[in-house]
Every structure is written in C-alpha cells, then in structure tokens.
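Data file: run_25.tsv. Format and content: TSV, C-alpha atoms and all ligand atoms.
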```tsv
chain	number	residue	atom	x	y	z
A	1	MET	CA	-68.71	-16.23	72.83
A	2	THR	CA	-69.20	-15.54	76.49
A	3	PHE	CA	-69.53	-12.12	78.02
A	4	ARG	CA	-67.96	-12.50	81.43
A	5	ALA	CA	-66.22	-10.62	84.19
A	6	HIS	CA	-63.33	-11.81	86.33
A	7	ILE	CA	-62.76	-9.94	89.57
A	8	LEU	CA	-59.00	-9.49	89.82
A	9	GLY	CA	-59.20	-7.55	93.10
A	10	ALA	CA	-62.27	-6.94	95.26
A	11	ALA	CA	-60.76	-4.67	97.93
A	12	ALA	CA	-60.46	-0.89	98.05
A	13	GLY	CA	-57.13	0.96	98.24
A	14	GLY	CA	-54.80	-0.83	100.65
A	15	GLY	CA	-56.34	-4.29	100.16
A	16	LEU	CA	-57.10	-6.80	102.89
A	17	PRO	CA	-55.02	-6.99	104.99
A	18	GLN	CA	-53.74	-3.44	104.62
A	19	TRP	CA	-50.00	-3.26	105.36
A	20	ASN	CA	-50.18	-1.20	108.56
A	21	CYS	CA	-53.67	-1.99	109.82
A	22	GLY	CA	-54.33	-3.99	112.95
A	23	CYS	CA	-58.13	-3.96	112.75
A	24	GLU	CA	-60.18	-7.12	113.28
A	25	ASN	CA	-60.61	-7.88	109.57
A	26	CYS	CA	-56.96	-7.32	108.74
A	27	ASN	CA	-55.81	-9.55	111.61
A	28	LEU	CA	-58.27	-12.30	110.55
A	29	ALA	CA	-57.04	-12.07	106.95
A	30	ARG	CA	-53.39	-12.15	108.05
A	31	ARG	CA	-54.09	-15.35	109.98
A	32	GLY	CA	-55.91	-16.86	107.00
A	33	ASP	CA	-59.21	-16.99	108.91
A	34	ILE	CA	-61.02	-14.93	106.25
A	35	PRO	CA	-60.01	-14.59	102.59
A	36	ALA	CA	-57.48	-11.86	101.82
A	37	GLN	CA	-58.45	-9.54	98.95
A	38	THR	CA	-56.27	-7.55	96.58
A	39	GLN	CA	-56.94	-4.06	95.27
A	40	SER	CA	-59.69	-2.90	92.99
A	41	SER	CA	-59.73	-4.26	89.42
A	42	VAL	CA	-62.08	-6.25	87.17
A	43	ALA	CA	-61.29	-7.84	83.79
A	44	PHE	CA	-63.93	-8.31	81.09
A	45	THR	CA	-64.05	-10.42	77.95
A	46	ALA	CA	-66.72	-10.88	75.30
A	47	ASN	CA	-65.11	-13.82	73.49
A	48	ASP	CA	-63.18	-15.85	76.09
A	49	ARG	CA	-59.92	-14.72	74.53
A	50	ASP	CA	-59.40	-10.96	74.46
A	51	TRP	CA	-59.59	-8.97	77.67
A	52	ALA	CA	-59.94	-5.42	78.92
A	53	ILE	CA	-58.83	-4.63	82.46
A	54	LEU	CA	-60.80	-1.95	84.27
A	55	ASN	CA	-58.43	-0.16	86.64
A	56	ALA	CA	-54.79	-1.17	87.10
A	57	SER	CA	-54.22	-1.88	90.77
A	58	PRO	CA	-50.88	-1.97	92.57
A	59	ASP	CA	-51.48	-5.74	92.90
A	60	ILE	CA	-51.80	-6.37	89.16
A	61	ARG	CA	-48.62	-8.45	88.98
A	62	ASP	CA	-50.01	-11.07	91.37
A	63	GLN	CA	-53.52	-10.75	89.96
A	64	LEU	CA	-52.29	-11.64	86.47
A	65	ALA	CA	-50.03	-14.41	87.72
A	66	ARG	CA	-52.94	-16.25	89.31
A	67	THR	CA	-55.34	-15.77	86.37
A	68	PRO	CA	-54.55	-18.32	83.60
A	69	ALA	CA	-56.83	-16.56	81.09
A	70	LEU	CA	-54.45	-13.61	81.33
A	71	HIS	CA	-51.19	-15.47	80.94
A	72	PRO	CA	-48.90	-14.82	77.95
A	73	THR	CA	-49.88	-16.54	74.71
A	74	ASP	CA	-46.59	-15.67	73.00
A	75	LEU	CA	-43.34	-13.85	73.66
A	76	ARG	CA	-44.19	-10.49	75.22
A	77	ARG	CA	-47.87	-10.97	74.49
A	78	LEU	CA	-50.79	-11.14	76.87
A	79	PRO	CA	-54.37	-11.46	75.57
A	80	LEU	CA	-54.92	-7.96	76.98
A	81	GLN	CA	-56.24	-5.37	74.55
A	82	SER	CA	-56.83	-2.43	76.81
A	83	VAL	CA	-56.83	-0.91	80.26
A	84	LEU	CA	-59.59	1.52	81.16
A	85	LEU	CA	-59.44	3.84	84.19
A	86	THR	CA	-62.45	5.07	86.16
A	87	ASN	CA	-60.54	7.61	88.24
A	88	GLY	CA	-56.99	8.71	89.01
A	89	ASP	CA	-56.77	7.14	92.46
A	90	ILE	CA	-53.57	5.32	93.36
A	91	ASP	CA	-55.35	1.98	93.71
A	92	HIS	CA	-56.56	2.33	90.11
A	93	ILE	CA	-53.48	3.64	88.32
A	94	ALA	CA	-50.32	2.46	90.16
A	95	GLY	CA	-50.49	-0.92	88.39
A	96	LEU	CA	-49.83	0.83	85.07
A	97	LEU	CA	-46.19	0.97	86.11
A	98	THR	CA	-46.11	-2.83	86.16
A	99	LEU	CA	-47.47	-2.99	82.58
A	100	ARG	CA	-44.38	-1.36	81.07
A	101	GLU	CA	-42.63	-4.23	79.28
A	102	GLN	CA	-43.46	-4.12	75.55
A	103	GLN	CA	-47.08	-5.23	75.80
A	104	PRO	CA	-49.19	-3.43	73.23
A	105	PHE	CA	-52.46	-2.14	74.66
A	106	THR	CA	-54.72	0.89	74.54
A	107	LEU	CA	-55.09	2.97	77.67
A	108	PHE	CA	-58.59	4.45	77.82
A	109	ALA	CA	-59.64	7.24	80.18
A	110	THR	CA	-61.30	10.65	80.18
A	111	ALA	CA	-59.24	13.68	79.15
A	112	ASP	CA	-59.08	14.74	82.80
A	113	ILE	CA	-57.65	11.40	83.98
A	114	HIS	CA	-55.21	11.30	81.06
A	115	GLN	CA	-54.03	14.77	82.07
A	116	THR	CA	-53.36	13.52	85.61
A	117	LEU	CA	-51.18	10.74	84.15
A	118	ALA	CA	-49.44	13.18	81.81
A	119	ASP	CA	-48.65	15.43	84.79
A	120	ASN	CA	-46.84	12.51	86.47
A	121	PRO	CA	-43.62	11.87	84.47
A	122	ILE	CA	-43.17	8.40	85.98
A	123	PHE	CA	-45.94	7.17	83.64
A	124	ALA	CA	-43.66	7.96	80.69
A	125	ALA	CA	-42.35	4.46	81.51
A	126	LEU	CA	-45.31	3.28	79.39
A	127	ASN	CA	-43.58	3.39	76.01
A	128	PRO	CA	-45.84	5.11	73.44
A	129	ALA	CA	-44.56	2.65	70.82
A	130	PHE	CA	-46.63	0.02	72.63
A	131	VAL	CA	-49.18	1.86	74.74
A	132	THR	CA	-51.65	4.10	72.94
A	133	ARG	CA	-53.35	6.63	75.21
A	134	ARG	CA	-56.85	7.24	74.01
A	135	ILE	CA	-59.23	9.85	75.42
A	136	ILE	CA	-62.88	8.85	75.70
A	137	ALA	CA	-65.47	11.59	76.01
A	138	LEU	CA	-68.39	11.02	78.37
A	139	GLY	CA	-71.16	9.34	76.40
A	140	GLU	CA	-68.82	8.13	73.63
A	141	SER	CA	-68.86	4.37	72.95
A	142	VAL	CA	-65.61	2.60	72.15
A	143	GLU	CA	-64.64	-1.02	71.60
A	144	ILE	CA	-62.22	-1.85	74.43
A	145	ALA	CA	-61.79	-5.54	73.55
A	146	SER	CA	-63.10	-7.60	70.63
A	147	GLY	CA	-66.89	-7.45	70.75
A	148	LEU	CA	-66.93	-5.45	74.00
A	149	THR	CA	-68.07	-1.84	74.02
A	150	ALA	CA	-67.59	0.66	76.85
A	151	THR	CA	-69.37	3.96	77.44
A	152	LEU	CA	-68.37	6.29	80.28
A	153	PHE	CA	-70.70	8.46	82.35
A	154	ALA	CA	-70.06	10.81	85.26
A	155	VAL	CA	-70.92	9.72	88.78
A	156	PRO	CA	-70.56	11.86	91.92
A	157	GLY	CA	-66.97	11.77	93.14
A	158	LYS	CA	-63.87	13.80	93.90
A	159	VAL	CA	-60.35	14.35	92.66
A	160	PRO	CA	-57.70	11.82	93.77
A	161	LEU	CA	-56.40	12.15	97.33
A	162	TYR	CA	-53.00	13.42	96.11
A	163	LEU	CA	-54.67	16.27	94.18
A	164	GLU	CA	-56.94	17.43	97.01
A	165	GLY	CA	-56.65	21.13	97.85
A	166	ALA	CA	-57.61	22.92	101.06
A	167	THR	CA	-61.28	22.34	100.34
A	168	VAL	CA	-62.64	19.29	98.56
A	169	GLN	CA	-65.89	18.86	96.72
A	170	THR	CA	-66.85	15.24	97.25
A	171	ASP	CA	-69.80	15.05	94.84
A	172	LEU	CA	-68.27	16.56	91.70
A	173	MET	CA	-69.94	15.42	88.47
A	174	GLY	CA	-67.40	15.41	85.67
A	175	GLU	CA	-64.44	13.53	84.29
A	176	GLN	CA	-62.72	12.78	87.62
A	177	THR	CA	-64.88	9.80	88.57
A	178	VAL	CA	-66.80	7.78	86.02
A	179	GLY	CA	-68.92	4.69	85.77
A	180	VAL	CA	-68.68	2.33	82.80
A	181	ARG	CA	-71.44	0.73	80.77
A	182	LEU	CA	-70.16	-2.48	79.16
A	183	GLN	CA	-72.07	-4.00	76.27
A	184	ALA	CA	-71.59	-7.32	74.51
A	185	ASP	CA	-73.82	-10.01	73.16
A	186	GLY	CA	-76.88	-7.75	73.50
A	187	LYS	CA	-76.35	-7.41	77.27
A	188	ASP	CA	-75.43	-4.52	79.54
A	189	ALA	CA	-73.20	-4.61	82.59
A	190	TYR	CA	-72.05	-1.67	84.66
A	191	TYR	CA	-68.84	-1.11	86.62
A	192	ILE	CA	-68.95	1.68	89.22
A	193	PRO	CA	-66.24	1.18	91.86
A	194	GLY	CA	-66.45	4.72	93.25
A	195	CYS	CA	-69.71	6.61	93.73
A	196	ALA	CA	-70.38	9.31	96.33
A	197	ALA	CA	-74.18	9.48	95.97
A	198	PHE	CA	-77.02	8.00	93.94
A	199	PRO	CA	-78.76	10.57	91.74
A	200	ALA	CA	-82.15	9.60	90.24
A	201	ASP	CA	-80.76	9.47	86.71
A	202	LEU	CA	-78.27	6.81	87.80
A	203	ALA	CA	-81.17	4.58	88.86
A	204	ASP	CA	-82.80	5.13	85.46
A	205	ARG	CA	-79.56	4.26	83.71
A	206	LEU	CA	-79.00	1.00	85.59
A	207	HIS	CA	-82.56	-0.24	85.18
A	208	GLY	CA	-82.58	-3.42	83.07
A	209	ALA	CA	-78.86	-4.18	83.41
A	210	ALA	CA	-77.72	-7.81	83.49
A	211	ALA	CA	-75.23	-6.96	86.25
A	212	VAL	CA	-73.88	-4.00	88.22
A	213	PHE	CA	-70.51	-4.05	89.96
A	214	PHE	CA	-70.87	-1.30	92.54
A	215	ASP	CA	-68.90	0.67	95.13
A	216	GLY	CA	-68.92	-1.41	98.33
A	217	THR	CA	-66.26	0.58	100.17
A	218	LEU	CA	-67.96	0.91	103.54
A	219	TRP	CA	-70.85	-0.69	105.36
A	220	GLN	CA	-71.59	2.54	107.19
A	221	ASP	CA	-70.37	6.07	106.77
A	222	ASP	CA	-68.51	6.42	110.10
A	223	GLU	CA	-67.02	2.93	110.09
A	224	MET	CA	-63.38	4.00	109.99
A	225	VAL	CA	-63.98	6.68	112.61
A	226	THR	CA	-65.63	4.34	115.11
A	227	ALA	CA	-62.90	1.74	114.47
A	228	GLY	CA	-60.40	4.41	115.55
A	229	LEU	CA	-58.52	4.11	112.27
A	230	SER	CA	-59.18	7.44	110.59
A	231	LEU	CA	-61.03	10.70	110.97
A	232	LYS	CA	-62.55	10.30	107.52
A	233	THR	CA	-66.11	9.35	106.77
A	234	GLY	CA	-67.11	7.50	103.63
A	235	LYS	CA	-68.74	10.67	102.30
A	236	ARG	CA	-65.49	12.57	102.74
A	237	MET	CA	-63.70	9.88	100.72
A	238	GLY	CA	-66.29	10.09	97.93
A	239	HIS	CA	-68.00	6.79	98.69
A	240	MET	CA	-71.62	6.12	99.60
A	241	SER	CA	-72.15	3.35	102.13
A	242	MET	CA	-73.99	0.06	101.73
A	243	SER	CA	-76.42	0.42	104.64
A	244	GLY	CA	-78.79	3.16	105.75
A	245	PRO	CA	-81.47	5.21	103.99
A	246	ASP	CA	-78.88	6.89	101.72
A	247	GLY	CA	-76.99	3.65	101.15
A	248	SER	CA	-76.57	1.58	98.03
A	249	MET	CA	-78.75	-1.32	99.23
A	250	ALA	CA	-81.67	1.10	99.60
A	251	ALA	CA	-80.85	2.79	96.28
A	252	PHE	CA	-80.95	-0.53	94.40
A	253	ASP	CA	-84.07	-1.76	96.15
A	254	GLY	CA	-86.71	-2.23	93.45
A	255	LEU	CA	-84.28	-1.68	90.58
A	256	ASP	CA	-84.50	-4.24	87.80
A	257	VAL	CA	-80.86	-5.39	87.86
A	258	GLY	CA	-79.97	-9.04	87.24
A	259	ARG	CA	-76.88	-9.39	89.41
A	260	ARG	CA	-75.67	-6.84	91.98
A	261	ILE	CA	-72.09	-7.32	93.04
A	262	TYR	CA	-70.12	-5.27	95.53
A	263	VAL	CA	-66.51	-4.47	94.68
A	264	HIS	CA	-63.91	-2.05	96.14
A	265	MET	CA	-64.52	-3.07	99.77
A	266	ASN	CA	-62.46	-1.28	102.41
A	267	ASN	CA	-60.56	-3.46	104.87
A	268	THR	CA	-62.90	-2.34	107.69
A	269	ASN	CA	-66.08	-3.49	105.94
A	270	PRO	CA	-67.77	-6.21	108.04
A	271	VAL	CA	-69.15	-7.92	104.89
A	272	LEU	CA	-65.60	-9.15	104.27
A	273	ARG	CA	-66.19	-11.59	107.14
A	274	PRO	CA	-68.22	-14.45	105.60
A	275	THR	CA	-70.10	-15.09	108.85
A	276	SER	CA	-70.95	-11.49	109.78
A	277	ASP	CA	-74.53	-10.28	110.27
A	278	GLN	CA	-73.85	-7.51	107.75
A	279	ARG	CA	-72.81	-10.04	105.12
A	280	ARG	CA	-76.06	-11.92	105.63
A	281	ILE	CA	-78.11	-8.71	105.41
A	282	ALA	CA	-76.43	-7.73	102.14
A	283	GLU	CA	-76.87	-11.21	100.67
A	284	ASP	CA	-80.51	-11.31	101.78
A	285	ALA	CA	-80.95	-8.03	99.90
A	286	GLY	CA	-79.76	-9.79	96.75
A	287	TRP	CA	-76.12	-8.70	96.74
A	288	THR	CA	-73.07	-10.79	95.99
A	289	ILE	CA	-69.96	-9.79	97.92
A	290	GLY	CA	-67.24	-9.79	95.28
A	291	GLN	CA	-64.00	-11.55	95.95
A	292	ASP	CA	-60.72	-12.12	94.22
A	293	GLY	CA	-60.96	-14.67	91.42
A	294	MET	CA	-64.76	-14.59	91.23
A	295	GLU	CA	-66.17	-15.02	87.72
A	296	ILE	CA	-69.55	-13.68	86.68
A	297	THR	CA	-71.01	-14.85	83.39
A	298	LEU	CA	-73.30	-12.22	81.96
A	301	LIG	C1	-60.54	5.76	97.44
A	301	LIG	O1	-61.12	4.95	96.73
A	301	LIG	O2	-61.14	6.46	98.27
A	301	LIG	C2	-59.07	5.95	97.26
A	301	LIG	O3	-58.55	4.88	96.51
A	301	LIG	C3	-58.38	6.16	98.54
A	301	LIG	C4	-56.90	6.10	98.40
A	301	LIG	O4	-56.31	6.81	97.55
A	301	LIG	O5	-56.26	5.35	99.14
A	302	MN	MN	-60.11	3.40	95.78
A	303	ZN	ZN	-57.71	-3.19	108.80
```
Encoded form (structure tokens):
Amino acid sequence: MTFRAHILGAAAGGGLPQWNCGCENCNLARRGDIPAQTQSSVAFTANDRDWAILNASPDIRDQLARTPALHPTDLRRLPLQSVLLTNGDIDHIAGLLTLREQQPFTLFATADIHQTLADNPIFAALNPAFVTRRIIALGESVEIASGLTATLFAVPGKVPLYLEGATVQTDLMGEQTVGVRLQADGKDAYYIPGCAAFPADLADRLHGAAAVFFDGTLWQDDEMVTAGLSLKTGKRMGHMSMSGPDGSMAAFDGLDVGRRIYVHMNNTNPVLRPTSDQRRIAEDAGWTIGQDGMEITL
C-alpha cells in the first residue's frame, strides 16, 4: 500500500514548448536544452494498482503511453478507476475525448463542471455504458480509487476562457474552480492547479498536509505582458503568481506542509529553466518544481 502521486503533465495550457510560441523557454525546450513538459494532469494511487487521474489533458495519450503503471492490464482495460476535473478549462478536459474507447471509469466533477460538459455535445463520445458521470458536491467525500478519498472545496477562480462574457470575475468562489483534498493511509495531500488568490481559510485547510500540489502558472503577474506574448496578467487568467507579497511562496511561508510542489507552469515561467535564479529562489523556499514523470510518495 503506497499513497503516491505521478505527475503526468507539469505545464499549464499549451505545454512547453507551446506550438506557436517563440519565447526563450519554448526555444530552449524545442532544442532539448531544458526538459519539455506536457499539459496539466496528476495521477494518484493508494495501492500501487488502481489509479485516479486528476484532470484529462490534451496530452493524455502520450502521458499514458510513457507511464507503465497506467498501461493496459487486459483487453480494453487500464487500471484507471476515475477521472476527476478541477475546472472546465481546455487543458483539463480535452483529454476526455481520448478516453472514449470502452474503458469503464467514473468521471467526477462538480455539477457546474458537469453542466459545461453536457452543454458540449462532442463529449457524448464518452459512452455512458462505460463512463459514469458522477456529481460531487463541495465538501462531499468520495472514493475515487481503491482506498483513495477525494473531497472538493472552492478556491478563487473564474469560468473557462471559452465561457467568458464581456466582464469576467476572476476570484469567483463556487463550483467553477475547485481544489481537491486527497486522503489515503491516514495522510492528506492537496491538488490545486488553479487558484487566483489565497484566502485565510485556505491556509488553515492546508496546515498539516503531507503534500500540496499548487498552481505554479506564473513567476510574476505581468510575465506574459513583459515578454510581449499577451496582454493578460496572471490575475486576469485566474492565477496567483509564485513571487511577490501576494504570491504563493509568501502564502505558504510558515505553513506546516510536508512537501510543496508546483504544477501547471506556464511556458514563460523562468522556474522551468533548471539553472535560473528564480528556480533557485523557489527551491530555497522549500518548493519542488514539478515535472513530467515525477513521482511523489506521500
Ligand atoms: C488557464 O489555466 O488559465 C487556462 O487553462 C488557460 C487556457 O484555457 O488556455
Ligand atoms: Mn490551465
Ligand atoms: Zn513560450
């Protein structure tokens, strides 16, 4: 019995390199000078056999192919019991379309996220004879794989990009963006790949956790603007940054958390360069920079 996490994809939407991006990181990754990273997804097991995948990224086909623990054990059968979604963003749901070939699993999400899927008829490709869609209420605990329990809670966030209206509230608390508490073997881990701000009750919640996988989208809020790549700040995208007084490193400072691991890094984030100053600062502050294939035993 081992409670462990396997990072299938450590990058944010677009991955590293992103298909049409000529920034420094993307060029380095294209040349093989820094490790490439696929899009946001983490798999968890509590027994070394049965897995739950948290978020289904557009790269899930390759992610599964290179992860022996998630190879078929029989005809049409992967040791995958469920997929759980933390929001309706493309990088977290597009991979569902790959999982359409007669694999039984349960698809867990809030009612709001399930409604977004139901509103998109392409997801009818997931045959209900195999895929059971199950709503989880905030605060409700469910077993998502043998011996592994998940509980969802709201974190500040926004609706998916493709559902944004003329005005966008970027710190909505509700069913659009959730964090996940994972429990097995008497231990707690948290998975929070998108988080726009750090309310005091979130700090209270995380206190005592064995590990937290946290939103590492940007190093600083205006990073994409200063790189000339986008007009959007991290805040506008619903992501708090790593650095600065409002950043996640400051928010976790003094929290009793065993392992702190950044996931969902945007291609512009300097911590993706193993020799960058920012990487050293984050590691000195006790953070692990997640990367594809990394395993964390809890
Ligand atoms: C995000 O995390 O901000 C989204 O995945 C952005 C996107 O949809 O590309
Ligand atoms: Mn994303
Ligand atoms: Zn880039």
What lies within 12 Å of A:Asn27 using all atoms listed in the file, ignoring chain neighbours under 2 positions off, as a PyMOL selection string?
-> chain A and resi 16-25+29-36+267-268+273
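When all atoms listed in the file are used to compute distances to A:Leu163, the closest of the residues A:Ala227, A:His114, A:Ile90, A:Val212 turns out to be A:Ile90.
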Within 8 Å of ligand MN 302 (chain A) (only C-alpha atoms and all ligand atoms), residues as a compact mmCIF listing (two decimals) with C-alpha atoms, in the frame of the given file:
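The new file pocket-v1.txt reads:
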```
# COMPACT_ATOMS: atom_id res chain seq x y z
CA ALA A 12 -60.46 -0.89 98.05
CA GLY A 13 -57.13 0.96 98.24
CA SER A 40 -59.69 -2.90 92.99
CA ASP A 89 -56.77 7.14 92.46
CA ILE A 90 -53.57 5.32 93.36
CA ASP A 91 -55.35 1.98 93.71
CA HIS A 92 -56.56 2.33 90.11
CA PRO A 193 -66.24 1.18 91.86
CA GLY A 194 -66.45 4.72 93.25
CA HIS A 264 -63.91 -2.05 96.14
```
Please provide the set of residues having any atom within 6 Å of stretch 95-110 of chain A, restricted to only C-alpha atoms, with same-chain residues fewer than 6 positions apart removed, written as a ChimeraX atom specification.
-> /A:56-58,60,77,81-85,126,130-137,175
Return the single residue from A:Leu218, A:Ala5, A:Leu172, A:Met249 that is closest to A:Tyr190, with distances computed using only C-alpha atoms.
-> A:Ala5
Skipping near chain neighbours, those fewer than 3 positions away, what residues fall within 7 Å of A:Phe3 using only C-alpha atoms, listed as a PDB file with C-alpha atoms, in the coordinates of the input?
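That gives us out_25.pdb:
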```
ATOM      1  CA  THR A  45     -64.050 -10.420  77.950  1.00  0.00           C
ATOM      2  CA  ALA A  46     -66.720 -10.880  75.300  1.00  0.00           C
ATOM      3  CA  ASN A  47     -65.110 -13.820  73.490  1.00  0.00           C
ATOM      4  CA  ALA A 184     -71.590  -7.320  74.510  1.00  0.00           C
ATOM      5  CA  ASP A 185     -73.820 -10.010  73.160  1.00  0.00           C
ATOM      6  CA  THR A 297     -71.010 -14.850  83.390  1.00  0.00           C
ATOM      7  CA  LEU A 298     -73.300 -12.220  81.960  1.00  0.00           C
TER       8      LEU A 298
END
```
Gap from atom CA of A:Pro68 to atom CA of A:Phe213 - Å, one decimal =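 Atom CA of A:Phe213 lies 22.3 Å from atom CA of A:Pro68.
You can rank A:Ala200, A:Met237, A:Ala189, A:Ala43 by their closest distance to ligand LIG 301 (chain A) using all atoms listed in the file, and at the top of that list sits A:Met237.
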Starting from 4 Å padding per side, set up an axis-aligned box that covers all listed atoms of ligand LIG 301 (chain A) and hand over centre and edge lengths in Å, one decimal, as JSON.
```
{"center_x": -58.7, "center_y": 5.8, "center_z": 97.8, "size_x": 12.9, "size_y": 9.9, "size_z": 10.6}
```
So how many Å separate atom CA of A:Gln63 and atom CA of A:Gly9, to one decimal?
->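 Straight-line distance from atom CA of A:Gln63 to atom CA of A:Gly9 works out to 7.2 Å.
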Pick from A:Leu229, A:Val257, A:Ala118, A:Ala251, whichever lies nearest to ligand ZN 303 (chain A) using only C-alpha atoms and all ligand atoms | A:Leu229
Skipping near chain neighbours, those fewer than 3 positions away, what residues fall within 8 Å of A:Asp256 using only C-alpha atoms, listed as a PyMOL selection string?
-> chain A and resi 206-209
Could you take the residues named above and write them with C-alpha atoms, as a PDB file, keeping the file's coordinate frame?
```
ATOM      1  CA  LEU A 206     -79.000   1.000  85.590  1.00  0.00           C
ATOM      2  CA  HIS A 207     -82.560  -0.240  85.180  1.00  0.00           C
ATOM      3  CA  GLY A 208     -82.580  -3.420  83.070  1.00  0.00           C
ATOM      4  CA  ALA A 209     -78.860  -4.180  83.410  1.00  0.00           C
TER       5      ALA A 209
END
```
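Going from atom CA of A:Ala52 to atom CA of A:Gly179 covers 15.2 Å.
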From the list A:Glu143, A:Arg4, A:Arg66, A:Met242, the nearest residue to A:Ala211 using all atoms listed in the file is A:Arg4
In terms of the shortest atom-to-atom distance over only C-alpha atoms and all ligand atoms, which of A:Glu140, A:Glu283, A:Asp215, A:Asp112 is closest to ligand LIG 301 (chain A)?
->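 Among A:Glu140, A:Glu283, A:Asp215, A:Asp112, it is A:Asp215 that comes nearest to ligand LIG 301 (chain A).
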